[in-house]
Amino acid sequence: MISHFLIWPILLPLLSAIVMMFFWSKPREQRVISVVGHFFTLISAIFVATRTMKGDIYTLFAGNWEAPYGIVFVGDALSGALVALASFSALAVSIFSAGSIGNGRASFGFFPILQFLLMGLNGSFLAGDLFNLYVWFEVIIISSFVLITLGSEKAQLEGAMKYVTMNLLASIIFLTGIAMLYGLLGSLNLADLSRRIAESPDIGLINTAAVLLLVGFGIKSALFPMYFWLPASYHTPPAAVSAIFGGLLTKVGVYAMFRVFSLLFIDDPFIRKTIIILAILSMIAGALGAMVQENIRKIFSYLIISHIGFMFAGLGLFTELAIIGAIFYLFHDIIAKTNAFLISGIIYKIRGSFRLENIGGLYNQFPYVSILFALALFSLVGTPPLSGFWPKLYLLQGAFADLNAWMMFGILLASLLTLLAVVKIWIAAFWKKPQVRKEIQERAVWHTLDQQHKIILLTPIIMLTLASLLLAFYSSEVGSLAALIAQQLSDPRIYIEAVIPTP
Amino acid sequence: MEILLAVTIGLLYAAGIFLILRRSMVRLIIGLILLGNGANLLIFLLGRISKGKPPIIPEDSKVFTDLYADPIPQALILTAIVISFGLQAYAIILVKRAYRVTKTDDLEEMITTDEL
């Protein structure tokens, strides 16, 4: 089925970025165009998602060059859902940054770059070709490089050095893996590769390429032990940038892992075991890291690492229940992490600091806003009935069915430690009395903002919290969507048949 | 030719990894550039090298009659080169800015973002 609607979530951000170029030195207009552009992208993404949710797989051959010869975009249930969620998070971040990014950053192209980032994200979710995936990854990283350094503060530049180095290295390792696969099999189309790998006798070399991809995507998704760049860099840019990074960038790595390790390298016990071990270590290491940190954004950064472990655990087990859990967790995590970082942005506006000792007493001053934050924070932990609970339940059931005691231990321990980390934030930021220091007070700008500005900053958090609640209250529907995705992922023939139909 | 290329690729990867393990920012960037070039050459080599066999169908036939050079790796390398060119240009400017702000070339001293 050739379907042109697949291209819209990629083209619309590009179009809005181009329109914004004409308003280069006019930050006010750029803010409006940015939000409008993201809004239309979201509509087109929801259109894609509602189509793919029914279980059909749509393809778009660029220039009508049929697979495996041309570039192909493929929209299956997983891609569709992720495109919609990414566009939703990006819209929220876009509204938040319209209210929080200063004219200085805006006049150096913050808003167009944000659009390019979304273009790269949507492109990589829809790519049906390994090299094309690489190119979309590069679109993402070059945009993120600009976003992380824009402003050129000392911490930003130091964080960016680590971020840039590790991401360039990951790209090179990914490219090496691509070179090996092309040399062995002579194709880069995912569906075609999947067919050829199944028939290929060179298991050893193909596994080498698989491990190269595992390392490349592992660095990008901050899997243990390749995560050190993440907590060193994600807390340095403005909160809006942290939010889109934390919510979406690592998830692209997870998506790529799910795509590649379900479609190409199936059923290799060594790789399976490696992923499971790394996932368990990732869960525990991330959660322990979150325990000791004093900066809210660093706590959230470590929680990203811990929660990436949950998704990889599902991929490692690769039973239906486990994949449902991992996919559900992926959906929940995109919303929850974006929300958490946006909340840290509001806290910074109120108190002028991200450090726990300098904030406090928020509950006394802003009880309603605090309740909103509490909902978001506790859905991050997975308190029932909030959205983090259901995927963990599926994952635990999956681990139990597989009799994998270590994984159950890891999931439960990491959940407990996440709870402790969030409770620590709650006690320090909302209940304790704040230490007032003059130089920090000057950065607290919340009380100087007018009502309209405050509403603009709070709207995205309300949006994301509502989305999180919807995920929780419609958990059986989300679960059945995840089950459809699990079914499509565990049978590569469905994907191959959709891209290269047998005559 | 293949052996020479294979040895060159090995050297580029080895030198690149050696350089990114150094503490100096400039060497780090040079290391990344070498690694990128190694990866590009690897694609070229793994696409199989055939000399003087352009992928053009002769006028009197409709399909390829002889062995021909695979054009895809070259398209891939071209894309990869352009991308890595952009990224490297960015990385060099970043090093310059970072040096100006932190006043040091030593990565061991850039640890403020790792503190609690």
# chains A, B, ... in the order shown; residues from 1 in each chain; ligands from 1
call {"tool": "residues_around", "arguments": {"residues": "Gln88 of chain B", "least_positions_apart": "2", "cutoff": "12 Å", "atoms": "only C-alpha atoms", "output": "PyMOL selection string"}}
result
(chain A and resi 142+145+164-165+168-169) or (chain B and resi 26+28-37+80-86+90-95)
call {"tool": "select_by_dssp", "arguments": {"residues": "segment 85-290 of chain A", "states": "alpha helix (DSSP H)", "output": "PyMOL selection string"}}
result
chain A and resi 85-100+103-106+110-126+130-149+154-185+190-199+203-220+229-233+239-244+250-263+269-290
call {"tool": "closest_atom_pairs", "arguments": {"of": "chain A", "to": "chain B", "cutoff": "8 Å", "atoms": "only C-alpha atoms", "output": "CSV"}}
result
residue,atom,partner,partner_atom,distance
A:Phe131,CA,B:Leu76,CA,7.7
A:Glu138,CA,B:Ile83,CA,7.3
A:Ile142,CA,B:Leu87,CA,6.9
A:Ser152,CA,B:Arg97,CA,7.9
A:Lys154,CA,B:Val101,CA,6.1
A:Ala155,CA,B:Thr113,CA,6.2
A:Leu157,CA,B:Ala98,CA,5.5
A:Glu158,CA,B:Met110,CA,6.1
A:Gly159,CA,B:Thr113,CA,6.3
A:Met161,CA,B:Leu94,CA,7.5
A:Val164,CA,B:Ala91,CA,7.4
A:Thr165,CA,B:Leu32,CA,7.9
A:Leu168,CA,B:Leu32,CA,7.3
A:Leu169,CA,B:Leu32,CA,7.0
A:Ile172,CA,B:Gly36,CA,6.0
A:Leu175,CA,B:Ala39,CA,6.6
A:Thr176,CA,B:Ala39,CA,5.5
A:Ala179,CA,B:Ile43,CA,4.7
A:Met180,CA,B:Leu46,CA,6.9
A:Tyr182,CA,B:Gly47,CA,7.1
A:Gly183,CA,B:Leu46,CA,4.4
A:Leu184,CA,B:Leu46,CA,7.9
A:Gly186,CA,B:Gly47,CA,7.8
A:Pro231,CA,B:Asp114,CA,7.4
A:Ala232,CA,B:Asp114,CA,5.3
A:Ser233,CA,B:Thr113,CA,7.0
A:Thr236,CA,B:Thr113,CA,7.7
A:Val292,CA,B:Leu116,CA,7.8
A:Gln293,CA,B:Leu116,CA,5.5
A:Glu294,CA,B:Leu116,CA,5.9
A:Asn295,CA,B:Leu116,CA,7.0
call {"tool": "closest_residue", "arguments": {"among": "B:Ser24, B:Ala89, B:Ala6, B:Lys53", "to": "Thr104 of chain B", "atoms": "only C-alpha atoms"}}
result
B:Ser24
call {"tool": "residues_around", "arguments": {"residues": "segment 464-480 of chain A", "least_positions_apart": "3", "cutoff": "7 Å", "atoms": "only C-alpha atoms", "output": "NGL selection string"}}
result
:A and (324 or 328 or 332 or 335-336 or 339 or 376 or 385-387 or 390 or 460-461 or 483-484)
call {"tool": "atom_distance", "arguments": {"atom1": "atom CA of His38 of chain A", "atom2": "atom CA of Ala90 of chain A"}}
result
6.9 Å
call {"tool": "atom_distance", "arguments": {"atom1": "atom CA of Pro13 of chain A", "atom2": "atom CA of Gln115 of chain A"}}
result
5.0 Å
call {"tool": "atom_distance", "arguments": {"atom1": "atom CA of Phe108 of chain A", "atom2": "atom CA of Ser44 of chain A"}}
result
28.1 Å
call {"tool": "residues_around", "arguments": {"residues": "Ile343 of chain A", "least_positions_apart": "2", "cutoff": "10 Å", "atoms": "only C-alpha atoms", "output": "list in words"}}
result
Ala239, Ala240, Ala243, Ile296, Arg297, Lys337, Thr338, Asn339, Ala340, Phe341, Gly345, Ile346, Ile347, Tyr348, Lys349, Val369, Ser370, Leu372, Phe373, Ala376, Leu377, Leu457, Leu458, Pro460 and Ile461 of chain A
call {"tool": "residues_around", "arguments": {"residues": "Pro391 of chain A", "least_positions_apart": "6", "cutoff": "7 Å", "atoms": "only C-alpha atoms", "output": "list in words"}}
result
Gly325, Ala326, Phe328 and Tyr329 of chain A
call {"tool": "write_last_selection", "arguments": {"atoms": "C-alpha atoms", "output": "PDB file, in the first residue's frame"}}
result
ATOM      1  CA  GLY A 325       5.607  -4.229  28.957  1.00  0.00           C
ATOM      2  CA  ALA A 326       8.625  -2.668  27.285  1.00  0.00           C
ATOM      3  CA  PHE A 328       4.063   0.355  27.106  1.00  0.00           C
ATOM      4  CA  TYR A 329       6.955   1.579  29.227  1.00  0.00           C
TER       5      TYR A 329
END
